[in-house]
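Engineer: Contents of input_16.txt (compact mmCIF, C-alpha atoms):
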# COMPACT_ATOMS: atom_id res chain seq x y z
CA MET A 1 55.88 -186.24 -73.46
CA GLU A 2 59.67 -186.27 -73.71
CA ASN A 3 59.79 -189.88 -72.54
CA SER A 4 57.45 -190.78 -75.42
CA VAL A 5 59.74 -189.05 -77.91
CA GLN A 6 62.74 -190.84 -76.47
CA TYR A 7 60.95 -194.19 -76.54
CA LEU A 8 60.05 -193.81 -80.22
CA SER A 9 63.56 -192.67 -81.10
CA ASN A 10 65.02 -195.74 -79.41
CA ASN A 11 62.48 -198.20 -80.83
CA TYR A 12 61.87 -196.90 -84.34
CA LYS A 13 60.22 -199.25 -86.84
CA SER A 14 58.66 -198.27 -90.16
CA PRO A 15 54.92 -199.04 -90.35
CA GLU A 16 55.60 -201.99 -92.70
CA GLU A 17 58.37 -203.35 -90.50
CA TYR A 18 56.30 -202.92 -87.35
CA ILE A 19 53.20 -204.68 -88.66
CA ALA A 20 55.16 -207.55 -90.18
CA SER A 21 57.11 -208.04 -86.94
CA LYS A 22 53.95 -208.77 -85.00
CA PHE A 23 53.40 -211.99 -86.93
CA ALA A 24 56.34 -213.51 -85.09
CA GLU A 25 54.03 -213.69 -82.06
CA LYS A 26 50.48 -213.51 -83.43
CA ASP A 27 48.49 -215.13 -86.22
CA ILE A 28 45.79 -212.48 -86.69
CA ILE A 29 46.59 -208.77 -86.92
CA LEU A 30 43.55 -206.50 -87.00
CA LEU A 31 44.48 -203.26 -88.77
CA ALA A 32 41.84 -200.68 -87.86
CA GLU A 33 41.27 -198.11 -90.56
CA GLU A 34 39.15 -195.05 -91.16
CA HIS A 35 37.52 -196.01 -94.45
CA ARG A 36 38.58 -194.35 -97.75
CA VAL A 37 41.83 -192.81 -96.48
CA LYS A 38 44.33 -193.01 -99.33
CA GLU A 39 47.48 -193.30 -97.23
CA ASN A 40 46.08 -196.23 -95.25
CA LEU A 41 45.37 -198.26 -98.37
CA LEU A 42 48.76 -197.42 -99.88
CA LEU A 43 50.34 -198.84 -96.73
CA VAL A 44 48.36 -202.07 -97.08
CA LYS A 45 49.30 -202.27 -100.76
CA ASN A 46 52.99 -201.90 -99.88
CA LEU A 47 52.60 -204.52 -97.17
CA ILE A 48 51.47 -207.32 -99.50
CA PRO A 49 54.96 -208.41 -100.67
CA VAL A 50 56.33 -207.79 -97.16
CA LEU A 51 53.72 -210.09 -95.67
CA TYR A 52 54.53 -212.79 -98.20
CA LYS A 53 58.23 -212.66 -97.31
CA ASN A 54 57.22 -213.13 -93.68
CA ASN A 55 55.16 -216.25 -94.47
CA VAL A 56 51.83 -214.47 -94.22
CA TYR A 57 49.72 -215.44 -97.22
CA ASN A 58 46.33 -213.85 -96.48
CA LEU A 59 44.81 -210.38 -96.43
CA GLY A 60 41.32 -210.12 -94.98
CA MET A 61 38.98 -207.37 -96.18
CA GLU A 62 35.76 -206.12 -94.64
CA PHE A 63 34.76 -204.81 -98.09
CA GLY A 64 34.07 -207.93 -100.09
CA ALA A 65 31.33 -210.56 -100.39
CA SER A 66 32.15 -214.16 -99.52
CA GLU A 67 29.78 -215.20 -102.32
CA ASN A 68 32.44 -213.89 -104.72
CA GLN A 69 35.42 -215.63 -103.09
CA VAL A 70 35.93 -218.14 -105.91
CA LYS A 71 35.88 -215.38 -108.53
CA LEU A 72 38.25 -213.25 -106.46
CA ASP A 73 40.67 -216.17 -106.05
CA SER A 74 40.56 -216.62 -109.81
CA LEU A 75 41.12 -212.90 -110.46
CA VAL A 76 44.28 -212.62 -108.36
CA SER A 77 45.82 -215.77 -109.86
CA ALA A 78 44.80 -215.27 -113.51
CA PRO A 79 47.36 -214.95 -116.34
CA GLU A 80 46.03 -211.45 -117.10
CA TYR A 81 44.48 -208.93 -114.75
CA ASN A 82 40.81 -208.12 -115.40
CA GLU A 83 40.04 -204.57 -114.21
CA ASP A 84 36.38 -204.84 -115.12
CA LEU A 85 35.94 -208.01 -113.07
CA ALA A 86 37.66 -206.37 -110.09
CA ARG A 87 35.21 -203.48 -110.34
CA LYS A 88 32.21 -205.83 -110.60
CA LEU A 89 33.28 -207.82 -107.55
CA MET A 90 33.41 -204.69 -105.39
CA PHE A 91 30.16 -203.36 -106.90
CA ASN A 92 28.45 -206.63 -106.03
CA TYR A 93 29.29 -206.08 -102.37
CA ASN A 94 28.61 -202.34 -102.18
CA SER A 95 27.32 -200.38 -105.17
CA GLY A 96 28.71 -197.16 -103.76
CA TRP A 97 32.21 -198.30 -102.88
CA VAL A 98 33.96 -196.52 -105.73
CA PHE A 99 37.25 -195.99 -103.88
CA LYS A 100 40.15 -197.36 -105.90
CA GLY A 101 42.38 -197.97 -102.91
CA TYR A 102 40.46 -201.18 -102.22
CA THR A 103 40.42 -202.69 -105.70
CA ASP A 104 44.07 -201.62 -106.06
CA LEU A 105 44.76 -204.30 -103.43
CA TYR A 106 43.37 -206.89 -105.86
CA LYS A 107 45.84 -205.76 -108.51
CA ALA A 108 48.77 -205.67 -106.09
CA THR A 109 47.96 -209.25 -105.08
CA TRP A 110 47.75 -210.28 -108.73
CA GLU A 111 51.14 -208.66 -109.44
CA LEU A 112 52.74 -210.52 -106.55
CA ASN A 113 51.23 -213.86 -107.55
CA LYS A 114 52.27 -213.39 -111.17
CA SER A 115 55.88 -212.84 -110.04
CA LEU A 116 55.98 -216.12 -108.07
CA PRO A 117 57.12 -219.51 -109.40
CA LYS A 118 54.20 -221.65 -110.57
CA SER A 119 54.68 -224.09 -107.70
CA ALA A 120 54.78 -221.37 -105.01
CA LYS A 121 51.94 -220.79 -102.57
CA LYS A 122 49.81 -217.88 -103.78
CA PHE A 123 48.78 -214.83 -101.77
CA ARG A 124 45.06 -214.60 -101.11
CA ILE A 125 42.53 -211.87 -100.32
CA LEU A 126 39.81 -213.24 -98.06
CA ASN A 127 36.39 -211.56 -98.25
CA LEU A 128 34.93 -211.35 -94.75
CA SER A 129 31.42 -210.10 -95.48
CA TYR A 130 28.39 -211.07 -97.51
CA ARG A 131 26.10 -209.08 -99.80
CA HIS A 132 23.47 -207.42 -97.60
CA ASP A 133 19.98 -207.00 -99.03
CA TRP A 134 18.77 -203.42 -98.62
CA SER A 135 16.46 -203.63 -101.63
CA SER A 136 13.17 -203.67 -99.71
CA PHE A 137 14.18 -201.85 -96.53
CA LEU A 138 11.97 -198.88 -95.60
CA GLY A 139 11.18 -197.05 -92.38
CA GLN A 140 12.28 -197.97 -88.89
CA ARG A 141 14.55 -200.86 -88.03
CA THR A 142 12.75 -203.83 -86.56
CA PRO A 143 14.04 -207.37 -85.95
CA GLU A 144 11.90 -208.67 -88.79
CA LYS A 145 13.17 -206.08 -91.28
CA MET A 146 16.81 -206.44 -90.30
CA LYS A 147 16.67 -210.22 -90.58
CA LYS A 148 15.82 -209.68 -94.25
CA VAL A 149 18.69 -207.25 -94.74
CA PHE A 150 21.23 -209.37 -92.87
CA TYR A 151 19.80 -212.69 -94.02
CA ARG A 152 23.01 -214.61 -93.22
CA GLY A 153 23.02 -213.35 -89.66
CA ASN A 154 25.00 -210.96 -87.47
CA THR A 155 27.84 -209.54 -89.59
CA GLU A 156 30.34 -209.64 -86.71
CA THR A 157 29.68 -213.32 -86.00
CA PHE A 158 29.74 -214.06 -89.74
CA ARG A 159 33.22 -212.53 -90.05
CA PHE A 160 34.36 -214.45 -87.00
CA GLY A 161 33.10 -217.69 -88.56
CA ILE A 162 34.98 -217.15 -91.83
CA THR A 163 38.19 -216.30 -89.99
CA GLU A 164 37.89 -219.33 -87.76
CA LYS A 165 37.24 -221.65 -90.69
CA GLU A 166 39.67 -220.26 -93.25
CA ILE A 167 42.53 -219.10 -91.02
CA ILE A 168 42.50 -220.48 -87.48
CA ALA A 169 41.44 -224.04 -88.36
CA LYS A 170 44.10 -224.15 -91.09
CA GLN A 171 46.77 -222.64 -88.78
CA GLU A 172 47.38 -219.79 -91.21
CA LYS A 173 48.18 -216.12 -90.57
CA ILE A 174 46.28 -213.07 -91.80
CA LEU A 175 46.32 -209.27 -91.81
CA ILE A 176 42.73 -208.04 -91.60
CA VAL A 177 41.83 -204.53 -92.78
CA THR A 178 38.58 -203.38 -91.23
CA GLY A 179 36.84 -200.38 -89.73
CA ASP A 180 38.03 -199.49 -86.27
CA ILE A 181 34.86 -200.55 -84.47
CA HIS A 182 35.17 -204.10 -85.83
CA ALA A 183 38.80 -204.34 -84.70
CA PHE A 184 38.20 -203.83 -80.97
CA THR A 185 39.57 -206.75 -78.95
CA LYS A 186 39.86 -206.05 -75.21
CA TYR A 187 38.20 -202.63 -75.54
CA LYS A 188 34.43 -202.45 -75.09
CA PHE A 189 32.55 -199.76 -77.02
CA PRO A 190 30.23 -197.48 -74.98
CA VAL A 191 26.62 -196.85 -75.94
CA TYR A 192 23.91 -194.96 -74.04
CA ASP A 193 21.68 -197.32 -72.06
CA PHE A 194 18.88 -196.10 -69.80
CA LEU A 195 19.24 -199.26 -67.70
CA GLY A 196 23.04 -199.35 -67.69
CA GLN A 197 25.40 -198.42 -64.87
CA ASP A 198 25.92 -194.66 -65.20
CA PHE A 199 23.59 -194.98 -68.23
CA VAL A 200 26.31 -196.67 -70.30
CA ARG A 201 26.45 -200.19 -71.72
CA LEU A 202 29.82 -201.53 -72.86
CA GLU A 203 29.51 -203.60 -76.03
CA ASP A 204 31.82 -206.60 -76.49
CA GLY A 205 30.23 -208.38 -79.45
CA TYR A 206 32.21 -206.91 -82.33
CA PHE A 207 34.30 -209.08 -84.66
CA GLY A 208 37.59 -208.43 -82.87
CA ASN A 209 35.94 -208.87 -79.46
CA GLN A 210 34.73 -212.31 -80.52
CA LEU A 211 38.13 -213.33 -81.84
CA TYR A 212 39.85 -212.16 -78.68
CA ALA A 213 37.31 -213.84 -76.38
CA LYS A 214 38.01 -217.28 -77.89
CA TYR A 215 41.59 -216.92 -79.16
CA PRO A 216 43.29 -214.18 -77.08
CA GLN A 217 46.74 -215.61 -77.74
CA LEU A 218 46.34 -215.29 -81.53
CA VAL A 219 45.08 -211.72 -81.95
CA TYR A 220 46.74 -208.28 -82.00
CA SER A 221 45.01 -204.98 -82.82
CA ILE A 222 46.68 -201.96 -84.42
CA LEU A 223 45.06 -198.57 -85.01
CA LEU A 224 45.91 -196.41 -88.00
CA HIS A 225 46.16 -192.75 -86.95
CA LYS A 226 42.82 -190.96 -87.30
CA PRO A 227 40.65 -188.39 -85.52
CA PHE A 228 38.47 -189.60 -82.65
CA ALA A 229 34.81 -188.81 -82.17
CA ASN A 230 34.35 -186.23 -79.45
CA ARG A 231 31.91 -186.38 -76.57
CA PRO A 232 28.52 -185.40 -78.04
CA GLU A 233 28.00 -182.40 -75.76
CA ILE A 234 31.36 -180.88 -76.75
CA ARG A 235 32.52 -179.34 -80.04
CA PRO A 236 34.27 -179.92 -82.38
CA ASN A 237 32.82 -183.31 -83.38
CA LEU A 238 36.27 -184.76 -84.14
CA VAL A 239 39.38 -184.41 -82.01
CA SER A 240 43.02 -185.40 -82.25
CA PRO A 241 43.91 -188.65 -80.38
CA ALA A 242 45.20 -188.52 -76.81
CA ASN A 243 43.97 -184.94 -76.49
CA GLY A 244 46.32 -183.90 -79.29
CA LYS A 245 49.48 -185.35 -77.73
CA ILE A 246 50.15 -187.95 -80.46
CA GLU A 247 50.49 -185.23 -83.08
CA ILE A 248 52.64 -183.05 -80.82
CA ILE A 249 54.99 -185.99 -80.21
CA MET A 250 55.15 -186.82 -83.91
CA GLN A 251 56.00 -183.22 -84.77
CA LYS A 252 59.08 -183.56 -82.57
CA LEU A 253 60.07 -186.54 -84.75
CA GLN A 254 59.50 -184.63 -88.01
CA ASN A 255 56.24 -186.56 -88.60
CA LYS A 256 58.20 -189.61 -89.72
CA PRO A 257 55.93 -192.61 -90.41
CA ILE A 258 56.24 -195.09 -87.56
CA GLY A 259 54.64 -198.10 -85.91
CA PHE A 260 54.82 -198.70 -82.18
CA ASP A 261 53.35 -200.64 -79.26
CA LEU A 262 50.86 -199.08 -76.90
CA ILE A 263 50.85 -201.78 -74.21
CA ASN A 264 53.36 -200.97 -71.45
CA THR A 265 54.86 -197.96 -73.25
CA PRO A 266 54.83 -194.21 -72.58
CA LEU A 267 52.56 -193.75 -75.62
CA GLY A 268 50.04 -196.19 -74.21
CA LYS A 269 49.88 -194.22 -70.96
CA LEU A 270 48.63 -191.10 -72.77
CA ARG A 271 45.21 -190.07 -71.53
CA ASP A 272 42.32 -189.64 -73.96
CA ASP A 273 39.04 -187.87 -73.19
CA SER A 274 37.21 -188.51 -76.48
CA TYR A 275 33.93 -190.41 -76.86
CA TYR A 276 35.89 -193.65 -76.49
CA SER A 277 36.53 -192.80 -72.83
CA PHE A 278 32.83 -193.04 -71.88
CA GLY A 279 32.31 -195.77 -69.30
CA HIS A 280 36.06 -196.26 -68.86
CA SER A 281 37.75 -194.64 -65.87
CA ASN A 282 41.22 -193.15 -66.41
CA PHE A 283 41.07 -194.08 -70.10
CA THR A 284 44.42 -194.24 -71.91
CA LEU A 285 45.48 -195.43 -75.37
CA GLU A 286 46.67 -198.82 -74.13
CA ASN A 287 43.08 -199.50 -72.98
CA PHE A 288 42.05 -199.07 -76.62
CA TYR A 289 44.43 -200.92 -78.99
CA ASP A 290 47.63 -202.95 -78.71
CA GLY A 291 49.61 -200.97 -81.30
CA TYR A 292 49.51 -197.79 -83.34
CA VAL A 293 50.67 -196.66 -86.78
CA PHE A 294 51.26 -193.02 -87.64
CA LEU A 295 51.58 -192.19 -91.35
CA LYS A 296 50.88 -188.46 -91.56
CA PRO A 297 49.33 -185.70 -89.46
CA ILE A 298 45.55 -185.65 -89.66
CA LYS A 299 45.55 -182.45 -91.75
CA GLU A 300 47.72 -184.15 -94.41
CA LEU A 301 45.64 -187.31 -94.86
CA SER A 302 43.69 -187.54 -98.13
CA GLY A 303 40.79 -189.42 -99.65
CA CYS A 304 41.15 -192.39 -101.99
CA ASP A 305 41.01 -191.87 -105.72
CA ILE A 306 37.56 -192.48 -107.16
CA ASP A 307 36.94 -194.89 -110.04
CA PRO A 308 34.88 -192.92 -112.62
CA ASN A 309 33.79 -196.13 -114.34
CA PHE A 310 32.32 -197.72 -111.22
CA LEU A 311 28.85 -196.18 -111.50
CA THR A 312 27.37 -195.50 -114.93
CA ALA A 313 24.01 -195.19 -116.62
CA ASN A 314 24.32 -198.89 -117.51
CA ASN A 315 24.49 -200.14 -113.93
CA TRP A 316 22.55 -197.38 -112.16
CA ASN A 317 19.35 -199.44 -111.91
CA GLU A 318 21.26 -202.31 -110.33
CA ALA A 319 23.01 -199.89 -107.96
CA GLN A 320 19.66 -198.48 -106.82
CA LYS A 321 18.39 -201.93 -105.84
CA ASN A 322 21.02 -202.50 -103.21
CA MET A 323 22.25 -199.15 -101.96
CA ALA A 324 23.84 -199.53 -98.56
CA ASP A 325 22.14 -198.48 -95.35
CA PRO A 326 19.80 -195.51 -96.03
CA ASP A 327 20.24 -194.44 -92.39
CA TRP A 328 23.93 -193.99 -93.20
CA ARG A 329 23.15 -191.64 -96.07
CA PRO A 330 19.81 -190.89 -97.78
CA ARG A 331 18.94 -192.79 -100.94
CA PRO A 332 19.85 -190.52 -103.88
CA LYS A 333 17.21 -189.75 -106.47
CA ASN A 334 19.47 -190.16 -109.46
CA LEU A 335 23.01 -190.99 -110.56
CA LYS A 336 24.13 -187.36 -110.34
CA ASP A 337 23.01 -187.13 -106.72
CA TYR A 338 24.71 -190.44 -105.93
CA TRP A 339 28.04 -189.23 -107.30
CA LYS A 340 27.72 -186.04 -105.25
CA GLN A 341 27.10 -188.08 -102.10
CA ILE A 342 30.10 -190.29 -102.80
CA LYS A 343 32.43 -187.39 -103.50
CA ASP A 344 31.30 -185.59 -100.35
CA TYR A 345 31.80 -188.76 -98.30
CA GLY A 346 35.25 -189.24 -99.81
CA ASP A 347 36.40 -185.70 -99.00
CA ILE A 348 38.67 -186.61 -96.10
CA PRO A 349 40.40 -183.18 -95.80
CA LYS A 350 37.02 -181.50 -95.37
CA LYS A 351 35.85 -184.03 -92.80
CA TYR A 352 39.09 -183.93 -90.84
CA ALA A 353 39.53 -180.14 -90.83
CA GLU A 354 37.87 -179.67 -87.46
CA ALA A 355 40.10 -182.30 -85.82
CA ASP A 356 43.26 -180.25 -86.42
CA LYS A 357 42.84 -178.63 -83.02
CA TYR A 358 44.52 -179.66 -79.82
Would you put the structure from the file into structure tokens?

Structural biologist:
Amino acid sequence: MENSVQYLSNNYKSPEEYIASKFAEKDIILLAEEHRVKENLLLVKNLIPVLYKNNVYNLGMEFGASENQVKLDSLVSAPEYNEDLARKLMFNYNSGWVFKGYTDLYKATWELNKSLPKSAKKFRILNLSYRHDWSSFLGQRTPEKMKKVFYRGNTETFRFGITEKEIIAKQEKILIVTGDIHAFTKYKFPVYDFLGQDFVRLEDGYFGNQLYAKYPQLVYSILLHKPFANRPEIRPNLVSPANGKIEIIMQKLQNKPIGFDLINTPLGKLRDDSYYSFGHSNFTLENFYDGYVFLKPIKELSGCDIDPNFLTANNWNEAQKNMADPDWRPRPKNLKDYWKQIKDYGDIPKKYAEADKY
């Protein structure tokens, strides 16, 4: 591990500096996040003016409906910021997404745009999803039922289509914040398959996979430090990346925030035996992502602030109609239960506690 420590000491870049530097070579940076982690969203917020200075004028967000793109464009370029509209736009995509870190990115974009000369190109947030319709979903998933939920088609292909149309065709650049599974490029995600070789099928249809398959020269993937899912037959359920070695290395550097390459570096050669290694022989971090950003040790990461005005008695009926995936979390019976679910889901320290083991 000493060669990893030496490499990072010799090649130090702050997370902001590291991410911005990658746009010298690539047009699309996929920033893979664990949802609702406060530190991750603060980094993205701080990156907005940095991106602009580096001629990157777009931030892509998984959490946002393309149906609301015109209203969002108007919000971030308006003379005055409208907090209520920001809240409604996020509610329209996901009635349980109360985490302020995401709508704070709207305000940060508005603040940047307001500071620019009137003739200057404005910074834009690009919504990469559409409003899914869970209103009538009950029981088991079938093709017929899921076609009604995802009535505009496969969400991964939909996101690919927007990026191709709004970014690639226009020869623009973009930082895309999305869940880690959507940001896979070369890496193929393992799932159990009775008919697969060694009973594993390697999936390559995610958003990042599709981008990389068609435009490999344009895309770069960076993972924000997070616990990994463990192999299902082993406990705990979450484990520290690279069998704990990332955190040990960072301790030797006083846990200083840093961004670094994985490809062809000592860090990329670190072995990992988590769930992600299924179906991949001699799996190491460079088989997973191109780059890595460390902000804090896992035990110090925190959940996003919650917007208390997001869900109220006035919009509860509307929230009930389109609650996200009931297989993800059961449909709550009332507003009180819904708030409890949200607060439990947003409790990052509690979720991550078991991963603080090497």

Engineer: What separation in Å, quoted to one decimal, exists between CA of Ser221 (chain A) and CA of Tyr289 (chain A)?

Structural biologist: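 Between these atoms lies a distance of 5.6 Å.
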
Engineer: I'd like the interatomic distance between CA of Phe278 (chain A) and CA of Phe189 (chain A), to a tenth of an Å.

Structural biologist: 8.5 Å

Engineer: Dig up all the protein and nucleic acid residues within 12 Å of (36.6, -194.3, -97.9) in the file frame, using all atoms listed in the file, and format them as a PyMOL selection string.

Structural biologist: chain A and resi 33-41+63+96-102+178-179+301-306+342-349+351

Engineer: With all atoms listed in the file as the atoms that count, which of A:Tyr7, A:Pro266, A:Lys165, A:Glu300 lies nearest to Lys350 (chain A)?

Structural biologist: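 Of A:Tyr7, A:Pro266, A:Lys165, A:Glu300, the one nearest Lys350 (chain A), counting all atoms listed in the file, is A:Glu300.
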
Engineer: Between CA of Tyr57 (chain A) and CA of Trp110 (chain A), what distance in Å does the model show, to one decimal?

Structural biologist: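 For CA of Tyr57 (chain A) relative to CA of Trp110 (chain A), the distance reads 12.8 Å.
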
Engineer: Return the single residue from A:Leu42, A:Met1, A:Leu175, A:Leu112 that is closest to Lys252 (chain A), with distances computed using all atoms listed in the file.

Structural biologist: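 Using all atoms listed in the file, the shortest distance to Lys252 (chain A) belongs to A:Met1.
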
Engineer: Identify, on the basis of all atoms listed in the file, every residue whose closest approach to Leu30 (chain A) does not exceed 8 Å; exclude the query and any residue fewer than 4 positions from it along the same chain; express the result as a ChimeraX atom specification.

Structural biologist: /A:175-178,183,208,219-222

Engineer: Compile the contact shell of region 294-297 of chain A as number ranges by chain: residues with an atom at most 9 Å away, counting all atoms listed in the file, same-chain residues fewer than 6 positions apart removed.

Structural biologist: A: 15, 39-40, 43, 223-226, 246-247, 250-251, 255-260, 356

Engineer: Extract, using only C-alpha atoms, all DNA, RNA and protein residues at most 10 Å from Ser136 (chain A), discarding same-chain residues fewer than 4 positions from it, and format them as a list in words.

Structural biologist: Lys145, Lys148, Val149, Lys321 and Asn322 of chain A

Engineer: For the selection just defined, write its residues with C-alpha atoms to a file, as an mmCIF file, in the coordinates of the input.

Structural biologist:
data_model
loop_
_atom_site.group_PDB
_atom_site.id
_atom_site.type_symbol
_atom_site.label_atom_id
_atom_site.label_comp_id
_atom_site.auth_asym_id
_atom_site.auth_seq_id
_atom_site.Cartn_x
_atom_site.Cartn_y
_atom_site.Cartn_z
ATOM 1 C CA LYS A 145 13.170 -206.080 -91.280
ATOM 2 C CA LYS A 148 15.820 -209.680 -94.250
ATOM 3 C CA VAL A 149 18.690 -207.250 -94.740
ATOM 4 C CA LYS A 321 18.390 -201.930 -105.840
ATOM 5 C CA ASN A 322 21.020 -202.500 -103.210
#
